[in-house]
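Note: the block below is entry.txt and it holds compact mmCIF, C-alpha atoms.
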# COMPACT_ATOMS: atom_id res chain seq x y z
CA MET A 1144 131.54 87.06 77.18
CA SER A 1145 129.87 85.36 74.24
CA ARG A 1146 126.67 87.23 74.92
CA GLN A 1147 128.53 90.53 74.80
CA SER A 1148 130.10 89.74 71.46
CA ARG A 1149 126.73 88.67 70.09
CA ARG A 1150 125.27 91.90 71.30
CA ARG A 1151 128.01 93.87 69.64
CA SER A 1152 127.38 92.26 66.29
CA GLU A 1153 123.69 93.08 66.62
CA LYS A 1154 124.39 96.75 67.04
CA GLN A 1155 123.02 98.65 64.12
CA GLN A 1156 123.28 102.31 63.43
CA ILE A 1157 119.78 103.44 64.28
CA ASP A 1158 119.15 107.07 63.52
CA TRP A 1159 116.87 108.19 66.28
CA HIS A 1160 115.90 111.67 65.07
CA LEU A 1161 114.69 112.60 68.50
CA PRO A 1162 115.02 116.11 69.86
CA SER A 1163 118.13 116.04 71.97
CA THR A 1164 117.49 118.36 74.85
CA SER A 1165 120.57 117.49 76.87
CA SER A 1166 123.48 119.76 76.16
CA THR A 1167 125.84 116.89 76.81
CA GLY A 1168 124.31 114.72 74.16
CA SER A 1169 124.29 117.13 71.30
CA ALA A 1170 126.53 119.78 69.86
CA TYR A 1171 124.39 122.46 71.45
CA HIS A 1172 126.18 124.27 74.24
CA MET A 1173 124.76 126.86 76.54
CA GLY A 1174 127.00 129.86 76.96
CA THR A 1175 129.17 129.68 80.06
CA GLU A 1176 128.36 133.31 80.81
CA LEU A 1177 124.72 132.48 81.39
CA PHE A 1178 125.72 129.55 83.58
CA ILE A 1179 128.16 131.61 85.65
CA LEU A 1180 125.62 134.39 86.04
CA THR A 1181 122.84 132.00 87.05
CA TYR A 1182 124.99 130.34 89.66
CA GLY A 1183 126.23 133.67 90.90
CA THR A 1184 122.72 135.05 91.27
CA LEU A 1185 121.72 131.93 93.14
CA VAL A 1186 124.53 132.34 95.65
CA ALA A 1187 123.88 136.05 95.99
CA GLN A 1188 120.21 135.41 96.72
CA LEU A 1189 121.16 132.82 99.31
CA CYS A 1190 123.50 135.32 100.95
CA GLU A 1191 120.55 137.64 101.32
CA ASP A 1192 118.22 134.94 102.62
CA CYS A 1193 120.60 133.29 105.09
CA GLU A 1194 122.71 135.01 107.68
CA LYS A 1195 125.44 132.51 108.36
CA ASP A 1196 127.85 131.12 105.80
CA GLU A 1197 127.38 127.61 107.18
CA ASP A 1198 123.67 127.77 106.33
CA ILE A 1199 124.44 128.91 102.80
CA ASN A 1200 126.89 126.06 102.41
CA LYS A 1201 124.28 123.61 103.63
CA VAL A 1202 121.65 124.88 101.21
CA LEU A 1203 124.09 124.75 98.32
CA ASP A 1204 124.96 121.21 99.28
CA LYS A 1205 121.31 120.22 99.47
CA MET A 1206 120.55 121.75 96.09
CA GLY A 1207 123.55 119.99 94.65
CA HIS A 1208 122.32 116.74 96.14
CA ASN A 1209 118.96 117.11 94.38
CA ILE A 1210 120.71 117.87 91.12
CA GLY A 1211 123.12 114.96 91.54
CA THR A 1212 120.42 112.34 92.01
CA ARG A 1213 118.96 113.29 88.62
CA LEU A 1214 122.16 114.13 86.81
CA VAL A 1215 123.67 110.70 87.43
CA GLU A 1216 121.05 109.02 85.23
CA ASP A 1217 121.76 111.44 82.41
CA PHE A 1218 125.46 110.77 82.84
CA LEU A 1219 125.05 106.99 82.84
CA ALA A 1220 122.64 107.06 79.91
CA ARG A 1221 124.95 109.06 77.70
CA SER A 1222 128.36 107.84 78.70
CA ASN A 1223 127.66 104.08 78.70
CA ILE A 1224 130.17 103.55 81.47
CA ALA A 1225 130.33 100.04 82.91
CA GLN A 1226 130.35 99.52 86.65
CA CYS A 1227 133.57 100.69 88.30
CA ARG A 1228 135.34 97.95 90.18
CA ASN A 1229 137.24 99.98 92.75
CA SER A 1230 137.62 103.50 94.07
CA TYR A 1231 140.47 104.34 91.69
CA GLU A 1232 138.24 103.67 88.73
CA THR A 1233 135.39 105.60 90.32
CA ALA A 1234 137.56 108.65 90.88
CA GLU A 1235 139.02 108.43 87.37
CA VAL A 1236 135.57 108.21 85.81
CA ILE A 1237 134.33 111.16 87.84
CA ALA A 1238 137.32 113.29 86.94
CA LYS A 1239 137.89 112.34 83.32
CA VAL A 1240 134.37 111.70 82.08
CA ALA A 1241 131.80 113.36 84.32
CA PHE A 1242 133.57 116.64 84.95
CA LYS A 1243 134.56 116.84 81.31
CA MET A 1244 131.01 116.24 80.18
CA TYR A 1245 129.30 118.76 82.39
CA LEU A 1246 131.83 121.43 83.28
CA GLY A 1247 134.31 121.03 80.48
CA VAL A 1248 137.29 120.76 82.82
CA THR A 1249 139.24 117.72 83.95
CA PRO A 1250 140.47 117.82 87.54
CA ARG A 1251 143.60 115.98 88.62
CA VAL A 1252 143.10 113.06 90.94
CA THR A 1253 145.88 112.89 93.51
CA PHE A 1254 146.79 112.34 97.13
CA TRP A 1255 145.46 108.88 97.56
CA ASN A 1256 145.73 107.67 101.13
CA GLN A 1257 147.07 104.28 102.21
CA ALA A 1258 143.75 102.50 102.18
CA GLY A 1259 142.99 103.80 98.72
CA ASP A 1260 139.60 105.29 99.48
CA ASP A 1261 140.47 108.93 100.07
CA CYS A 1262 141.54 111.26 97.29
CA SER A 1263 141.66 114.85 96.18
CA LEU A 1264 140.36 116.36 92.99
CA PHE A 1265 142.28 119.46 91.97
CA LEU A 1266 140.48 121.86 89.67
CA GLU A 1267 142.96 124.27 88.15
CA LYS A 1268 140.33 126.41 86.57
CA ASN A 1269 136.98 126.38 88.30
CA PRO A 1270 134.35 127.36 85.72
CA LEU A 1271 131.93 128.54 88.41
CA ARG A 1272 134.40 131.04 89.77
CA GLY A 1273 135.11 132.77 86.49
CA TYR A 1274 134.70 136.36 87.55
CA VAL A 1275 133.91 136.08 91.23
CA GLU A 1276 135.40 137.86 94.21
CA ILE A 1277 134.04 136.87 97.57
CA PRO A 1278 133.79 139.76 100.06
CA GLU A 1279 135.40 139.56 103.51
CA LYS A 1280 132.18 139.08 105.44
CA HIS A 1281 131.55 135.78 103.63
CA SER A 1282 134.98 134.36 104.29
CA ASN A 1283 133.54 130.98 105.30
CA LEU A 1284 131.44 130.65 102.19
CA LEU A 1285 132.24 127.65 100.06
CA TYR A 1286 131.24 129.06 96.71
CA SER A 1287 131.45 125.85 94.71
CA ASN A 1288 129.81 123.73 97.38
CA MET A 1289 127.08 122.76 94.96
CA ILE A 1290 129.59 120.60 93.11
CA CYS A 1291 130.19 118.65 96.30
CA GLY A 1292 126.46 118.17 96.71
CA ILE A 1293 126.14 116.98 93.13
CA LEU A 1294 128.88 114.42 93.61
CA ARG A 1295 127.35 113.23 96.86
CA GLY A 1296 123.86 112.87 95.37
CA ALA A 1297 125.09 111.18 92.24
CA LEU A 1298 127.20 108.63 94.10
CA LYS A 1299 124.37 107.96 96.51
CA MET A 1300 122.23 106.81 93.59
CA VAL A 1301 124.82 104.19 92.69
CA ARG A 1302 124.91 103.11 96.32
CA LEU A 1303 128.23 104.63 97.30
CA GLN A 1304 128.28 106.71 100.41
CA VAL A 1305 130.89 109.45 100.26
CA ASP A 1306 132.15 112.20 102.45
CA ILE A 1307 132.98 115.16 100.23
CA GLN A 1308 134.48 118.43 101.28
CA LEU A 1309 135.58 121.50 99.48
CA LEU A 1310 138.96 122.44 100.87
CA HIS A 1311 140.34 125.47 99.12
CA ASP A 1312 138.45 127.69 96.82
CA SER A 1313 140.01 129.74 94.01
CA VAL A 1314 141.03 133.33 94.44
CA ASN A 1315 141.51 133.19 98.19
CA ASP A 1316 145.15 132.10 98.24
CA ASP A 1317 145.80 129.45 95.63
CA LYS A 1318 144.20 129.49 92.25
CA VAL A 1319 143.12 125.95 92.73
CA THR A 1320 139.92 124.33 93.99
CA GLU A 1321 140.46 121.16 95.94
CA ILE A 1322 137.67 118.69 96.60
CA ARG A 1323 138.48 115.99 99.08
CA MET A 1324 136.51 112.81 98.47
CA LYS A 1325 136.36 109.88 100.88
CA LEU A 1326 134.51 106.82 99.70
CA MET A 1327 133.00 105.41 102.82
CA ARG A 1328 130.99 102.36 102.03
CA ARG A 1329 128.59 100.64 99.69
CA HIS A 1330 124.96 100.54 100.64
CA LYS A 1331 123.95 96.91 100.96
CA ALA A 1332 120.20 97.05 100.97
CA VAL A 1333 117.97 98.83 98.55
CA ARG A 1334 116.68 101.97 100.15
CA THR A 1335 112.93 102.27 100.35
CA VAL A 1336 111.41 105.28 98.70
CA GLU A 1337 112.06 108.46 100.60
CA LYS A 1338 108.98 110.62 100.50
CA GLU A 1339 109.88 113.99 99.11
CA GLN A 1340 108.16 116.94 100.66
CA LYS A 1341 107.66 118.64 97.36
CA HIS A 1342 104.29 118.88 95.64
CA PRO A 1343 102.88 115.51 94.55
CA VAL A 1344 102.98 114.53 90.93
CA GLY A 1345 99.99 114.48 88.62
CA THR A 1346 96.69 112.89 89.54
CA MET B 862 108.05 92.83 63.95
CA VAL B 863 106.60 94.61 66.86
CA VAL B 864 107.27 95.90 70.33
CA TYR B 865 104.38 94.86 72.53
CA SER B 866 104.92 96.87 75.69
CA VAL B 867 107.33 98.81 77.86
CA TYR B 868 107.59 98.65 81.64
CA VAL B 869 109.76 100.78 83.92
CA VAL B 870 110.40 99.44 87.41
CA ASN B 871 112.00 101.50 90.17
CA LYS B 872 114.62 100.46 92.71
CA ALA B 873 112.12 99.09 95.21
CA GLY B 874 110.39 96.93 92.62
CA GLY B 875 107.34 99.12 92.06
CA LEU B 876 105.99 99.74 88.58
CA VAL B 877 106.66 103.33 87.67
CA TYR B 878 105.55 103.40 84.06
CA GLN B 879 103.78 101.07 81.70
CA TYR B 880 102.92 101.46 78.03
CA ASP B 881 101.15 98.99 75.73
CA ASN B 882 102.22 99.64 72.19
CA TYR B 883 100.45 96.77 70.53
CA SER B 884 98.14 94.18 72.00
CA PRO B 885 97.08 91.54 69.52
CA ARG B 886 93.31 91.58 69.51
CA THR B 887 91.88 88.12 69.85
CA ASP B 888 88.24 89.05 70.39
CA VAL B 889 85.55 86.86 68.89
CA GLU B 890 81.89 87.78 68.95
CA LYS B 891 79.21 85.22 68.23
CA THR B 892 75.50 84.80 68.60
CA PHE B 893 74.40 81.95 70.77
CA SER B 894 71.16 80.22 71.56
CA HIS B 895 70.23 78.31 74.69
CA PRO B 896 71.72 75.99 75.81
CA LEU B 897 75.28 77.32 75.59
CA ASP B 898 77.64 74.57 74.47
CA LEU B 899 80.65 76.21 76.15
CA VAL B 900 81.35 75.40 79.75
CA LEU B 901 82.01 78.55 81.72
CA LYS B 902 83.45 78.99 85.17
CA VAL B 903 84.45 81.83 87.41
CA TYR B 904 88.20 82.21 87.66
CA ASP B 905 90.05 85.11 89.20
CA GLU B 906 86.94 87.28 89.36
CA ARG B 907 86.19 86.73 85.69
CA VAL B 908 83.90 84.39 83.74
CA VAL B 909 86.17 82.20 81.69
CA VAL B 910 85.74 79.39 79.15
CA SER B 911 86.86 76.16 80.76
CA PHE B 912 85.73 73.61 78.14
CA GLY B 913 84.18 73.51 74.71
CA GLN B 914 86.71 75.30 72.57
CA ARG B 915 85.31 76.07 69.15
CA ASP B 916 85.26 78.61 66.34
CA GLY B 917 88.19 80.64 67.58
CA ILE B 918 86.92 80.78 71.13
CA LYS B 919 89.68 79.18 73.14
CA VAL B 920 89.89 77.83 76.66
CA GLY B 921 90.86 80.65 78.97
CA TYR B 922 89.04 83.36 77.06
CA ALA B 923 86.93 85.59 79.24
CA VAL B 924 83.47 86.96 78.61
CA LEU B 925 84.13 90.55 77.57
CA SER B 926 80.68 91.78 76.65
CA ILE B 927 77.12 90.56 76.26
CA ASN B 928 74.99 92.12 73.53
CA GLY B 929 77.51 94.90 73.18
CA ILE B 930 77.46 95.92 76.82
CA ASP B 931 80.80 95.42 78.57
CA VAL B 932 80.88 92.98 81.40
CA ASN B 933 82.51 93.96 84.68
CA GLY B 934 84.28 90.89 86.02
CA LYS B 935 81.61 88.36 86.85
CA TYR B 936 78.83 90.93 87.01
CA MET B 937 77.11 92.75 84.22
CA SER B 938 76.88 96.52 84.12
CA ASP B 939 73.53 96.43 85.98
CA ASN B 940 75.07 94.17 88.65
CA ARG B 941 73.36 90.99 87.61
CA ASP B 942 75.45 87.84 87.82
CA VAL B 943 76.76 86.81 84.41
CA LEU B 944 76.52 83.06 84.88
CA GLU B 945 72.98 83.33 86.12
CA TYR B 946 72.06 85.48 83.16
CA LEU B 947 73.58 83.04 80.74
CA ASN B 948 71.75 80.12 82.30
CA THR B 949 68.29 81.66 81.89
CA SER B 950 66.90 80.48 78.59
CA PHE B 951 64.58 83.37 77.80
CA ASN B 952 67.49 85.83 77.51
CA TYR B 953 68.62 84.07 74.35
CA PRO B 954 69.56 84.55 71.52
CA LEU B 955 72.59 86.51 72.79
CA ALA B 956 75.69 87.95 71.20
CA ILE B 957 78.65 87.27 73.47
CA ARG B 958 82.16 88.55 72.90
CA PHE B 959 85.02 86.39 74.14
CA GLY B 960 88.63 87.38 74.25
CA ARG B 961 91.87 87.05 76.08
CA PRO B 962 91.36 88.85 79.40
CA ARG B 963 93.33 92.09 79.55
CA LEU B 964 95.62 92.65 82.47
CA THR B 965 94.31 95.17 84.97
CA SER B 966 96.76 97.75 86.28
CA ASN B 967 96.88 96.01 89.65
CA GLU B 968 97.89 92.80 87.97
CA LYS B 969 100.58 94.63 86.05
CA LEU B 970 101.92 96.05 89.32
CA MET B 971 102.05 92.58 90.81
CA LEU B 972 103.75 91.10 87.79
CA ALA B 973 106.35 93.87 87.77
CA SER B 974 107.17 93.27 91.43
CA MET B 975 107.38 89.54 90.79
CA PHE B 976 109.76 90.12 87.94
CA HIS B 977 111.86 92.37 90.16
CA SER B 978 112.24 89.51 92.64
CA LEU B 979 113.01 86.98 89.91
CA PHE B 980 115.60 89.32 88.53
CA ALA B 981 117.36 89.37 91.89
CA ILE B 982 117.13 85.59 92.17
CA GLY B 983 118.66 85.32 88.71
CA SER B 984 121.78 87.14 89.81
CA GLN B 985 122.06 85.07 92.97
CA LEU B 986 121.74 81.76 91.16
CA SER B 987 124.78 82.53 89.10
CA PRO B 988 127.78 80.24 89.58
CA GLU B 989 130.08 83.17 88.81
CA PRO B 990 130.15 86.04 91.29
CA GLY B 991 129.00 89.46 90.23
CA SER B 992 126.51 88.37 87.62
CA SER B 993 123.82 90.63 86.30
CA GLY B 994 120.19 89.72 86.73
CA ILE B 995 117.83 88.35 84.07
CA GLU B 996 118.58 90.08 80.76
CA MET B 997 116.29 88.17 78.49
CA LEU B 998 113.34 85.88 78.93
CA GLU B 999 112.37 83.99 75.82
CA THR B 1000 109.15 82.20 75.00
CA ASP B 1001 107.76 81.12 71.66
CA ALA B 1002 105.40 84.09 71.51
CA PHE B 1003 107.58 86.94 72.75
CA LYS B 1004 110.93 87.94 74.16
CA LEU B 1005 111.26 89.99 77.32
CA HIS B 1006 114.38 92.17 77.43
CA CYS B 1007 115.45 93.79 80.67
CA PHE B 1008 118.08 96.45 81.21
CA GLN B 1009 119.04 97.45 84.72
CA THR B 1010 120.90 100.71 85.14
CA LEU B 1011 123.66 101.18 87.69
CA THR B 1012 121.15 103.11 89.78
CA GLY B 1013 118.78 100.17 90.02
CA ILE B 1014 116.04 101.18 87.61
CA LYS B 1015 114.88 98.46 85.24
CA PHE B 1016 113.60 99.04 81.75
CA ILE B 1017 111.65 96.06 80.46
CA VAL B 1018 110.55 95.66 76.86
CA LEU B 1019 108.32 92.87 75.57
CA ALA B 1020 108.79 92.36 71.87
CA ASP B 1021 108.32 89.98 69.00
CA PRO B 1022 110.99 87.24 69.10
CA ARG B 1023 112.36 88.29 65.73
CA GLN B 1024 112.57 91.99 66.59
CA ALA B 1025 116.17 93.19 66.53
CA GLY B 1026 117.81 96.26 67.99
CA ILE B 1027 116.12 96.00 71.38
CA ASP B 1028 119.39 96.62 73.22
CA SER B 1029 119.81 100.01 71.64
CA LEU B 1030 116.11 100.66 72.17
CA LEU B 1031 116.54 100.00 75.90
CA ARG B 1032 119.42 102.44 76.06
CA LYS B 1033 117.41 104.96 74.11
CA ILE B 1034 114.53 104.62 76.56
CA TYR B 1035 117.04 105.25 79.35
CA GLU B 1036 118.11 108.46 77.65
CA ILE B 1037 114.50 109.53 77.15
CA TYR B 1038 113.85 108.81 80.83
CA SER B 1039 116.85 110.83 81.94
CA ASP B 1040 115.72 113.71 79.71
CA PHE B 1041 111.96 113.99 79.98
CA ALA B 1042 111.27 112.45 83.35
CA LEU B 1043 114.29 113.48 85.40
CA LYS B 1044 114.85 116.92 83.99
CA ASN B 1045 111.25 117.75 84.83
CA PRO B 1046 111.51 119.32 88.29
CA PHE B 1047 107.91 118.43 89.04
CA TYR B 1048 108.59 114.74 88.76
CA SER B 1049 109.56 113.09 92.06
CA LEU B 1050 112.00 110.22 91.78
CA GLU B 1051 110.74 106.65 92.15
CA MET B 1052 107.15 107.83 91.68
CA PRO B 1053 104.84 106.92 88.76
CA ILE B 1054 105.82 108.82 85.65
CA ARG B 1055 103.02 111.04 84.37
CA CYS B 1056 104.94 113.17 81.90
CA ASP B 1057 103.37 113.63 78.47
CA LEU B 1058 106.66 114.45 76.79
CA PHE B 1059 108.13 111.21 78.05
CA GLU B 1060 105.27 109.21 76.56
CA GLN B 1061 105.37 111.05 73.24
CA ASN B 1062 109.07 110.58 72.78
CA LEU B 1063 108.81 106.97 73.85
CA LYS B 1064 106.20 106.34 71.16
CA VAL B 1065 108.43 107.90 68.52
CA ALA B 1066 111.39 105.79 69.65
CA LEU B 1067 109.28 102.61 69.50
CA GLU B 1068 108.18 103.40 65.96
CA ILE B 1069 111.74 103.97 64.86
CA ALA B 1070 112.91 100.78 66.54
CA GLU B 1071 110.18 98.76 64.87
CA LYS B 1072 111.06 100.12 61.45
CA ALA B 1073 114.80 99.70 61.90
CA GLY B 1074 114.33 96.18 63.24
CA THR B 1075 112.92 94.96 59.97
CA PHE B 1076 116.37 95.20 58.42
CA GLY B 1077 117.31 92.12 60.40
CA ALA B 1078 119.92 91.38 63.02
CA GLY B 1079 123.63 90.83 62.69
CA SER B 1080 125.05 93.61 60.59

Hey, can you dump this file as structure tokens for me?
Amino acid sequence: MSRQSRRRSEKQQIDWHLPSTSSTGSAYHMGTELFILTYGTLVAQLCEDCEKDEDINKVLDKMGHNIGTRLVEDFLARSNIAQCRNSYETAEVIAKVAFKMYLGVTPRVTFWNQAGDDCSLFLEKNPLRGYVEIPEKHSNLLYSNMICGILRGALKMVRLQVDIQLLHDSVNDDKVTEIRMKLMRRHKAVRTVEKEQKHPVGT
Amino acid sequence: MVVYSVYVVNKAGGLVYQYDNYSPRTDVEKTFSHPLDLVLKVYDERVVVSFGQRDGIKVGYAVLSINGIDVNGKYMSDNRDVLEYLNTSFNYPLAIRFGRPRLTSNEKLMLASMFHSLFAIGSQLSPEPGSSGIEMLETDAFKLHCFQTLTGIKFIVLADPRQAGIDSLLRKIYEIYSDFALKNPFYSLEMPIRCDLFEQNLKVALEIAEKAGTFGAGS
């Protein structure tokens, strides 16, 4: 405790003058139209490439996972959140801080189960689904599945294994997107480096 | 009021990035005649002064160059043995440069991994549960500050003991990492960082921290 108070008194206002490229860190905001269009084109391209909806969902989840593993560092760097002590805090932080920072909406956290590790995030207005109508032949498509992948990847980096599912998507019946999140366990050991199959870096 | 170097260590303990901002140069070059009044020995693959400290040449300094030609460990550039060369009288007079041996990148890797283990030991030694690892290591010549993120990455900064504002510098380095390393799709996680933009912005942040630190701590 004393170290924290000493650290607080040491804090000076340092003006960094560095180019702030993150849209969360500065007042610069990309237009939502461009974001919605980009995401929409991505899903449309995937619909052309893959035949089955399950494959599209898997690819969206995988992409989201790759985004999440990187996004979590940006989130932690800018939000200065301390470690969450239980799953309630984790869910609150995800809903109130992370969603607000990146999507501009705050989902409701409800439907906790008895054990306290299973909850639902209700998004009243899903920013990804602004103007979208999914045709009949893609009835199994989970349009916002990338968000689930992002959450899964991000929580994996802080050693929390989660099982995330998108339950309802907007427009179909209800206007509400529900994401069901089950916090399964904490990873005990440090994972060794997983070799990525992408092109190697640099020299 | 200076930041000496920055190290970034990944989750597994491997060194991912290292930058030396300022290394105090301690080199001394002198002309010698036979016989050499310094006692030299081979230590750790280098020729090192073991006795006979004089004129700014201290015990532990390594032979860096002879007559202007850099020495490669205990061999000269033409693969002759350094000690043998220095023992032959007709090579004299010679100009030899002594200095504190610089760390090779392998040694830096080893030291980073060692610190990673010590960091973990630090949190286990704690009498209170849930302690963080080593946050600061203080010696009379420098202070080592370490910041571990919730994702397991450690940012280590070695600075002058009187330098202030290192905590905010560590957080700033974290932001720079999350921007220029992570948002680069061609950078694979946990791998060595080879992004120019990251290095440039890091240098700018170090300059700003050094200037701001001169205003003193405790505002």

Separation of atom CA of Val869 of chain B from atom CA of Met997 of chain B, in Å and rounded to one decimal: 15.2 Å

Interface list for chain B, partner chain A, 8 Å threshold, only C-alpha atoms, as a PyMOL selection string: chain B and resi 872-873+1010-1013+1025-1026+1028-1029+1032+1035-1036+1039-1040+1043-1044+1047-1049+1051-1052+1055+1062+1065-1066+1069-1070+1073+1078-1080

Residues near Ser950 of chain B, cut-off 10 Å, all atoms listed in the file, skip fewer than 6 positions along chain, as a PyMOL selection string: chain B and resi 894-897

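Taking atom CA of Gln1188 of chain A as the reference point, atom CA of Ile1307 of chain A is found at 24.2 Å.
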
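Taking atom CA of Ser978 of chain B as the reference point, atom CA of Arg1329 of chain A is found at 21.0 Å.
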
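Taking all atoms listed in the file into account, Asn1200 of chain A lies nearest to A:Met1289 out of the set A:Met1289, A:Leu1326, A:Leu1180, A:Met1244.
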
Selection: 7 Å around Gly917 of chain B, only C-alpha atoms, excl. self and same-chain fewer than 2 positions, as number ranges by chain: B: 889, 915, 919

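In terms of minimum interatomic distance to Val908 of chain B, B:Tyr946 ranks closest within B:Ile930, B:Tyr878, B:Tyr946, B:Ser884, counting all atoms listed in the file.
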
Surrounding residues of segment 955-964 of chain B excluding itself and chain neighbours under 3 positions, 10 Å, all atoms listed in the file, as a CSV table (one decimal) with C-alpha atoms, keeping the file's coordinate frame:
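Final output, saved to around09.csv:
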chain,number,residue,atom,x,y,z
B,884,SER,CA,98.1,94.2,72.0
B,885,PRO,CA,97.1,91.5,69.5
B,886,ARG,CA,93.3,91.6,69.5
B,887,THR,CA,91.9,88.1,69.8
B,888,ASP,CA,88.2,89.0,70.4
B,889,VAL,CA,85.6,86.9,68.9
B,890,GLU,CA,81.9,87.8,69.0
B,891,LYS,CA,79.2,85.2,68.2
B,892,THR,CA,75.5,84.8,68.6
B,893,PHE,CA,74.4,82.0,70.8
B,894,SER,CA,71.2,80.2,71.6
B,895,HIS,CA,70.2,78.3,74.7
B,897,LEU,CA,75.3,77.3,75.6
B,907,ARG,CA,86.2,86.7,85.7
B,908,VAL,CA,83.9,84.4,83.7
B,909,VAL,CA,86.2,82.2,81.7
B,910,VAL,CA,85.7,79.4,79.2
B,917,GLY,CA,88.2,80.6,67.6
B,918,ILE,CA,86.9,80.8,71.1
B,919,LYS,CA,89.7,79.2,73.1
B,920,VAL,CA,89.9,77.8,76.7
B,921,GLY,CA,90.9,80.6,79.0
B,922,TYR,CA,89.0,83.4,77.1
B,923,ALA,CA,86.9,85.6,79.2
B,924,VAL,CA,83.5,87.0,78.6
B,925,LEU,CA,84.1,90.6,77.6
B,926,SER,CA,80.7,91.8,76.6
B,927,ILE,CA,77.1,90.6,76.3
B,928,ASN,CA,75.0,92.1,73.5
B,929,GLY,CA,77.5,94.9,73.2
B,930,ILE,CA,77.5,95.9,76.8
B,931,ASP,CA,80.8,95.4,78.6
B,932,VAL,CA,80.9,93.0,81.4
B,934,GLY,CA,84.3,90.9,86.0
B,947,LEU,CA,73.6,83.0,80.7
B,951,PHE,CA,64.6,83.4,77.8
B,952,ASN,CA,67.5,85.8,77.5
B,967,ASN,CA,96.9,96.0,89.6
B,968,GLU,CA,97.9,92.8,88.0
B,969,LYS,CA,100.6,94.6,86.0
B,970,LEU,CA,101.9,96.0,89.3
B,972,LEU,CA,103.8,91.1,87.8

Dump as a PDB file with C-alpha atoms, in the frame of the given file all residues having an atom at most 12 Å from (115.6, 88.3, 90.7), computed in the file's coordinates with all atoms listed in the file.
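Below is the file result-v1.pdb, written as the result:
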ATOM      1  CA  GLY B 874     110.390  96.930  92.620  1.00  0.00           C
ATOM      2  CA  ALA B 973     106.350  93.870  87.770  1.00  0.00           C
ATOM      3  CA  SER B 974     107.170  93.270  91.430  1.00  0.00           C
ATOM      4  CA  MET B 975     107.380  89.540  90.790  1.00  0.00           C
ATOM      5  CA  PHE B 976     109.760  90.120  87.940  1.00  0.00           C
ATOM      6  CA  HIS B 977     111.860  92.370  90.160  1.00  0.00           C
ATOM      7  CA  SER B 978     112.240  89.510  92.640  1.00  0.00           C
ATOM      8  CA  LEU B 979     113.010  86.980  89.910  1.00  0.00           C
ATOM      9  CA  PHE B 980     115.600  89.320  88.530  1.00  0.00           C
ATOM     10  CA  ALA B 981     117.360  89.370  91.890  1.00  0.00           C
ATOM     11  CA  ILE B 982     117.130  85.590  92.170  1.00  0.00           C
ATOM     12  CA  GLY B 983     118.660  85.320  88.710  1.00  0.00           C
ATOM     13  CA  SER B 984     121.780  87.140  89.810  1.00  0.00           C
ATOM     14  CA  GLN B 985     122.060  85.070  92.970  1.00  0.00           C
ATOM     15  CA  LEU B 986     121.740  81.760  91.160  1.00  0.00           C
ATOM     16  CA  SER B 987     124.780  82.530  89.100  1.00  0.00           C
ATOM     17  CA  SER B 992     126.510  88.370  87.620  1.00  0.00           C
ATOM     18  CA  SER B 993     123.820  90.630  86.300  1.00  0.00           C
ATOM     19  CA  GLY B 994     120.190  89.720  86.730  1.00  0.00           C
ATOM     20  CA  ILE B 995     117.830  88.350  84.070  1.00  0.00           C
ATOM     21  CA  GLU B 996     118.580  90.080  80.760  1.00  0.00           C
ATOM     22  CA  CYS B1007     115.450  93.790  80.670  1.00  0.00           C
ATOM     23  CA  GLN B1009     119.040  97.450  84.720  1.00  0.00           C
ATOM     24  CA  LYS B1015     114.880  98.460  85.240  1.00  0.00           C
TER      25      LYS B1015
END

Quick one: everything within 7 Å of Val1018 of chain B, counting only C-alpha atoms, minus sequence neighbours fewer than 3 positions away in the same chain. Send it as a compact mmCIF listing (two decimals) with C-alpha atoms, in the frame of the given file.
# COMPACT_ATOMS: atom_id res chain seq x y z
CA SER B 866 104.92 96.87 75.69
CA VAL B 867 107.33 98.81 77.86
CA TYR B 868 107.59 98.65 81.64
CA LEU B 1005 111.26 89.99 77.32
CA HIS B 1006 114.38 92.17 77.43
CA CYS B 1007 115.45 93.79 80.67

Extending 5 Å beyond the listed atoms of segment 1205-1223 of chain A on each side, what axis-aligned box results? I want centre and edge lengths in Å to one decimal, as JSON.
{"center_x": 123.7, "center_y": 112.9, "center_z": 88.6, "size_x": 19.4, "size_y": 27.7, "size_z": 31.8}

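Between Thr1233 of chain A and the candidates A:Gly1247, A:Gly1259, A:Gly1183, A:Gly1292, the tightest atom-to-atom separation, counting all atoms listed in the file, involves A:Gly1259.
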
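Excluding Leu1266 of chain A itself and same-chain residues fewer than 6 positions from it, the residues having an atom within 8 Å of it are Val1248, Thr1249, Pro1250, Arg1251, Val1319, Thr1320 and Glu1321 of chain A, counting all atoms listed in the file.
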
As a compact mmCIF listing (two decimals), in the frame of the given file, please: segment 980-984 of chain B completed to N, CA and C atoms.
# COMPACT_ATOMS: atom_id res chain seq x y z
N PHE B 980 114.37 88.72 89.03
CA PHE B 980 115.60 89.32 88.53
C PHE B 980 116.71 89.19 89.56
N ALA B 981 116.35 89.47 90.82
CA ALA B 981 117.36 89.37 91.89
C ALA B 981 117.78 87.92 92.08
N ILE B 982 116.81 87.01 92.01
CA ILE B 982 117.13 85.59 92.17
C ILE B 982 118.07 85.16 91.06
N GLY B 983 117.81 85.67 89.85
CA GLY B 983 118.66 85.32 88.71
C GLY B 983 120.12 85.63 88.98
N SER B 984 120.37 86.80 89.58
CA SER B 984 121.78 87.14 89.81
C SER B 984 122.36 86.34 90.96
